[in-house]
Every structure is written in C-alpha cells, then in structure tokens.
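Source file entry08.txt; content: compact mmCIF, C-alpha atoms.
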# COMPACT_ATOMS: atom_id res chain seq x y z
CA MET I 1 -6.53 -27.85 6.07
CA ASN I 2 -8.31 -28.90 9.24
CA CYS I 3 -7.28 -32.06 11.13
CA LYS I 4 -9.33 -33.38 14.05
CA LEU I 5 -8.87 -36.48 16.22
CA VAL I 6 -12.20 -38.18 16.90
CA GLY I 7 -13.00 -40.85 19.49
CA GLN I 8 -11.63 -41.98 22.83
CA PHE I 9 -9.84 -45.35 23.05
CA VAL I 10 -10.04 -46.18 19.34
CA GLN I 11 -9.43 -42.91 17.50
CA TYR I 12 -9.52 -41.84 13.89
CA LEU I 13 -8.34 -38.70 12.14
CA GLU I 14 -10.81 -36.50 10.28
CA VAL I 15 -9.15 -34.24 7.68
CA THR I 16 -10.88 -31.52 5.68
CA LEU I 17 -8.92 -30.45 2.60
CA SER I 18 -9.49 -27.15 0.82
CA PRO I 19 -9.30 -27.20 -2.99
CA GLY I 20 -5.75 -28.03 -4.12
CA GLU I 21 -4.55 -29.20 -0.67
CA ASP I 22 -2.98 -32.61 -0.15
CA PHE I 23 -2.33 -35.03 2.69
CA TYR I 24 -0.05 -38.08 3.04
CA ALA I 25 -0.82 -41.41 4.65
CA GLU I 26 0.47 -44.93 5.11
CA LYS I 27 -0.95 -47.39 2.59
CA GLY I 28 -4.07 -49.09 4.01
CA SER I 29 -4.89 -46.39 6.59
CA VAL I 30 -7.79 -44.69 4.74
CA ILE I 31 -11.30 -45.30 6.16
CA TYR I 32 -13.24 -43.25 3.60
CA LEU I 33 -12.87 -40.37 1.15
CA GLU I 34 -15.46 -37.91 -0.09
CA ALA I 35 -15.95 -37.54 -3.85
CA GLY I 36 -13.39 -35.15 -5.32
CA ILE I 37 -10.40 -36.46 -3.37
CA GLU I 38 -7.95 -38.25 -5.63
CA LYS I 39 -5.36 -40.86 -4.66
CA GLU I 40 -1.79 -41.16 -5.89
CA LEU I 41 0.44 -44.02 -4.74
CA SER I 42 4.19 -43.52 -4.97
CA PHE I 43 7.25 -45.51 -3.99
CA ASN I 44 8.74 -44.45 -0.66
CA GLY I 45 12.41 -44.38 -1.66
CA SER I 46 14.41 -46.52 -4.07
CA GLY I 47 17.05 -49.22 -4.19
CA LEU I 48 17.41 -52.73 -2.79
CA SER I 49 18.74 -51.51 0.57
CA ARG I 50 15.69 -49.28 0.92
CA ILE I 51 13.36 -52.20 0.21
CA LEU I 52 15.09 -54.49 2.71
CA GLY I 53 15.25 -51.75 5.34
CA ALA I 54 11.56 -50.95 4.96
CA LYS I 55 10.63 -54.61 5.31
CA LEU I 56 12.66 -55.09 8.48
CA SER I 57 11.71 -51.78 10.15
CA GLY I 58 7.98 -52.13 9.56
CA GLU I 59 7.65 -49.34 7.02
CA SER I 60 5.48 -49.49 3.94
CA LEU I 61 7.25 -49.36 0.59
CA PHE I 62 4.57 -46.96 -0.61
CA ILE I 63 3.17 -43.60 0.48
CA LEU I 64 -0.32 -42.46 -0.42
CA ARG I 65 -0.91 -38.87 -1.52
CA LEU I 66 -4.51 -37.70 -1.12
CA TYR I 67 -5.40 -34.41 -2.78
CA ASN I 68 -8.56 -32.38 -3.27
CA ALA I 69 -9.10 -32.01 -7.00
CA SER I 70 -12.55 -30.43 -6.58
CA ASN I 71 -13.63 -26.80 -6.13
CA LEU I 72 -15.11 -27.39 -2.66
CA PRO I 73 -13.75 -28.52 0.74
CA ARG I 74 -13.70 -32.31 0.92
CA LYS I 75 -13.28 -34.69 3.86
CA LEU I 76 -11.28 -37.87 4.42
CA THR I 77 -10.72 -40.06 7.46
CA ILE I 78 -7.60 -41.98 8.50
CA GLY I 79 -7.59 -44.92 10.92
CA SER I 80 -4.93 -46.51 13.12
CA ARG I 81 -4.66 -49.72 15.12
CA PHE I 82 -5.73 -48.06 18.36
CA GLY I 83 -5.07 -44.33 18.69
CA LEU I 84 -3.09 -41.48 17.17
CA LEU I 85 -0.39 -39.22 18.57
CA PRO I 86 0.17 -35.92 16.71
CA VAL I 87 3.76 -34.60 16.77
CA LYS I 88 4.77 -31.35 15.07
CA LEU I 89 8.14 -31.40 13.31
CA ASN I 90 9.95 -28.26 12.17
CA GLY I 91 12.78 -29.79 10.21
CA GLU I 92 13.72 -32.01 13.15
CA THR I 93 14.53 -35.71 13.33
CA MET I 94 12.44 -38.19 15.28
CA ILE I 95 13.48 -41.77 16.08
CA CYS I 96 10.48 -44.11 16.33
CA HIS I 97 9.57 -47.66 17.13
CA ARG I 98 9.13 -49.74 13.98
CA GLY I 99 5.90 -49.27 12.04
CA VAL I 100 4.36 -46.32 13.95
CA TYR I 101 4.08 -43.77 11.13
CA VAL I 102 0.43 -43.42 10.03
CA ALA I 103 0.03 -40.05 8.28
CA SER I 104 1.25 -36.44 7.95
CA ASN I 105 -0.10 -33.18 6.56
CA ASN I 106 3.08 -32.72 4.50
CA ARG I 107 5.30 -35.34 2.95
CA VAL I 108 8.09 -36.36 5.31
CA ASN I 109 11.08 -38.63 4.87
CA VAL I 110 10.35 -41.96 6.57
CA SER I 111 13.45 -44.13 6.51
CA THR I 112 15.19 -46.97 8.33
CA LYS I 113 17.67 -46.22 11.10
CA LEU I 114 20.29 -48.72 12.19
CA SER I 115 20.58 -48.29 15.95
CA ILE I 116 23.07 -50.10 18.18
CA ALA I 117 21.60 -48.29 21.20
CA GLY I 118 18.14 -49.43 20.15
CA LEU I 119 19.36 -53.02 19.88
CA THR I 120 21.07 -53.10 23.27
CA GLY I 121 18.24 -51.13 24.87
CA GLY I 122 15.57 -53.51 23.59
CA MET I 123 13.86 -51.36 20.91
CA GLY I 124 15.49 -53.34 18.11
CA LEU I 125 18.35 -52.85 15.67
CA LEU I 126 16.17 -51.29 12.95
CA LEU I 127 14.02 -48.30 13.89
CA GLN I 128 12.08 -45.72 11.91
CA LYS I 129 13.52 -42.26 11.35
CA ILE I 130 11.18 -39.43 10.39
CA GLN I 131 12.47 -36.08 9.14
CA GLY I 132 10.71 -33.02 7.76
CA SER I 133 8.37 -30.15 8.53
CA SER I 134 4.87 -31.43 9.20
CA THR I 135 2.43 -32.60 11.82
CA VAL I 136 3.03 -36.35 11.92
CA PHE I 137 0.47 -38.82 13.29
CA LEU I 138 1.90 -41.87 15.05
CA ASP I 139 0.24 -45.05 16.25
CA THR I 140 -0.32 -45.48 19.98
CA LYS I 141 -2.43 -47.57 22.33
CA GLY I 142 -4.21 -45.43 24.90
CA THR I 143 -3.55 -41.82 25.85
CA PRO I 144 0.16 -41.18 25.14
CA ILE I 145 2.58 -39.88 27.77
CA THR I 146 4.80 -36.93 26.81
CA ILE I 147 7.97 -36.22 28.81
CA GLU I 148 10.02 -33.08 28.13
CA LEU I 149 13.58 -33.70 29.29
CA LYS I 150 15.81 -30.76 30.12
CA TYR I 151 19.56 -30.87 29.59
CA GLY I 152 21.06 -33.58 31.81
CA GLU I 153 17.71 -34.99 32.99
CA THR I 154 17.49 -38.77 32.70
CA ILE I 155 14.66 -41.29 32.73
CA GLU I 156 14.70 -45.07 32.52
CA VAL I 157 12.06 -46.53 30.20
CA ASP I 158 10.73 -49.99 29.39
CA GLU I 159 11.48 -50.09 25.66
CA ASP I 160 8.13 -51.75 24.86
CA HIS I 161 6.40 -48.45 25.77
CA ILE I 162 8.51 -46.12 23.60
CA ILE I 163 6.67 -44.60 20.64
CA ALA I 164 9.17 -41.94 19.59
CA LEU I 165 12.15 -39.84 20.67
CA LEU I 166 12.26 -36.28 19.33
CA ASN I 167 15.55 -34.36 19.11
CA ILE I 168 17.33 -37.19 20.94
CA SER I 169 20.49 -38.57 19.34
CA GLU I 170 22.04 -42.02 19.56
CA THR I 171 24.52 -40.80 22.18
CA GLN I 172 21.63 -39.88 24.51
CA MET I 173 20.28 -43.44 24.46
CA LYS I 174 21.94 -46.04 26.69
CA SER I 175 20.94 -49.54 27.76
CA ASN I 176 20.75 -50.32 31.47
CA TRP I 177 21.35 -54.02 31.97
CA SER I 178 20.20 -55.34 35.32
CA LEU I 179 19.14 -58.68 36.79
CA GLY I 180 16.81 -56.61 38.98
CA ASN I 181 15.01 -55.40 35.86
CA LEU I 182 14.46 -58.99 34.77
CA LEU I 183 13.22 -60.12 38.16
CA GLY I 184 10.95 -57.07 38.28
CA GLY I 185 9.27 -58.08 35.02
CA GLU I 186 10.80 -55.34 32.88
CA GLY I 187 13.19 -57.54 30.92
CA LEU I 188 16.95 -57.77 31.23
CA SER I 189 17.54 -54.19 30.06
CA MET I 190 15.75 -50.87 30.03
CA MET I 191 16.47 -47.80 27.92
CA ARG I 192 18.12 -44.87 29.71
CA VAL I 193 17.36 -41.59 27.91
CA THR I 194 19.09 -38.31 28.78
CA GLY I 195 17.84 -34.86 27.76
CA PRO I 196 17.43 -32.49 26.19
CA GLY I 197 14.60 -33.81 24.04
CA THR I 198 11.08 -35.19 24.12
CA VAL I 199 10.03 -38.76 24.87
CA TYR I 200 6.64 -40.12 23.76
CA LEU I 201 5.39 -43.26 25.51
CA SER I 202 2.42 -45.57 25.06
CA PRO I 203 0.70 -46.51 28.36
CA SER I 204 0.21 -50.08 27.07
CA LYS I 205 3.12 -52.24 25.98
CA PHE I 206 4.05 -51.24 22.47
CA TYR I 207 4.81 -54.67 20.98
CA THR I 208 1.05 -55.36 20.89
CA LEU I 209 0.79 -52.75 18.10
CA GLN I 210 2.88 -54.98 15.85
CA GLN I 211 0.63 -58.04 16.16

Could you quickly redo this structure as structure tokens?
Amino acid sequence: MNCKLVGQFVQYLEVTLSPGEDFYAEKGSVIYLEAGIEKELSFNGSGLSRILGAKLSGESLFILRLYNASNLPRKLTIGSRFGLLPVKLNGETMICHRGVYVASNNRVNVSTKLSIAGLTGGMGLLLQKIQGSSTVFLDTKGTPITIELKYGETIEVDEDHIIALLNISETQMKSNWSLGNLLGGEGLSMMRVTGPGTVYLSPSKFYTLQQ
C-alpha cells in the first residue's frame, strides 16, 4: 500500500492498493475509485448508547471498507474538509476533537469518550477516542503543529485549536480558568496539558471544521 498526501492548503489523500489490500474511510470521504476497488459499508459499533454517542461526538455510524478485488494495483482518493494530518498508532489511544477521523490504512476502533476535563477545558463533554495499530488521517485546517511533551512539561492551549492528544490521559488534562483569558480573547478557560505525550494543533480555530 502506498499513501500520499497531495496539495497544499486543501489536501487529498492518494492511496494505491495492491491486489487484496484494503483501506478504511469515513462515509462520504471518497473522491474517486479506480475500477476493481470494491466498497463495503459496515456499522461502526452496536447498541443504542453507541448510536447516541456517535451522534453527539460527531462520528459516523458507518465505516467504509475499500478493497482491491482486481489483479493489478488500483488507486483511490480520499478528501477532507481542508487538510489531513497523518498519525501513526501502535496500539495506542488518541483523544480527538469531535468528528476529526477521516481514514486509516487498517481498521481502528473509533468510539465516544466522555471527558470531564474536556468539558471544563472547553473541548466538550463528548470527544472521539481512537485505538488501534494503523496510520490514521485526521482533519485539520492548515499545516498542523506537533508538540512533543516530555515528562512534566506543560503547555496551555486554546481548546479550539486542539486536533488530538496522543498518549495523554484524562489526568494530564486540566482546565485553566482565568478572567485574563477571556479579556485576551481566548475564552474563559484554556486547556493545560502536561507531558509525556504528543499534542496536535490546528493553526486555525478548530470549530470552523464542524460548520
């Protein structure tokens, strides 16, 4: 499998699948498929709580499997709202802003996470949680910012810019309430994140991706 990001501000993902290979994507993200690539739509989880959680956290209820049923390499392209951020997971857990999952080269578990820290820090009560071993492609606006936090290192982040937090638990996320934040145009609270872990930020305010 070969995956290549194409474009500058508005990017798309070009994927070449060898015979028998498959790829997974959010419903509605496919731009085009070459002949020989088959589609299989499956339900992303089960149960009423799963349906309600998906609706509130911005997830799709369905996941699209794309597989090469031909004897030759075949190409497909995946689009996003603005740009794509690739993140490699090796069995780790990533906490994301609602609705950012676009695609992955292996099937991953995309579920809803109830987060008190996210609520008090401004990201929202319901976030996305992604687990598995795959390269995952997330939505972003502009060239993403990656910050590797060492143990004990802390940054303060405007929650509207957070795309994802990798290997960062709920206890490492704290809200920082301040009238100064509000007067400075950042809102009443900002999210304080302490390492170790990786923080992925969008240079433009993230709520615009949900419109």

Seminar exercise, completed: Closest of I:Tyr32, I:Tyr200, I:Tyr101, I:Tyr12 to I:Thr135, counting only C-alpha atoms, is I:Tyr101

Exercise. From the list I:Glu159, I:Glu40, I:Glu92, I:Asp22, which residue is nearest I:Ser104 when using all atoms listed in the file?
Worked result: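 Of I:Glu159, I:Glu40, I:Glu92, I:Asp22, the one nearest I:Ser104 is I:Asp22, counting all atoms listed in the file.
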
For this session: Would you list the contacts of I:Glu34 as a list of chain:residue names, taking every protein, DNA or RNA residue within 10 Å and counting all atoms listed in the file, but skipping same-chain residues closer than 3 positions in sequence?
Result: I:Thr16, I:Ile37, I:Glu38, I:Asn68, I:Pro73, I:Arg74, I:Lys75, I:Leu76, I:Thr77

For this session: Quote the spacing between atom CA of I:Thr198 and atom CA of I:Glu148 in Å to one decimal place.
Result: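 Atom CA of I:Thr198 sits 4.7 Å away from atom CA of I:Glu148.
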
Problem set entry | Of the listed residues I:Leu89, I:Leu5, I:Ile163, I:Val110, that which approaches I:Ser202 most closely, counting all atoms listed in the file | I:Ile163
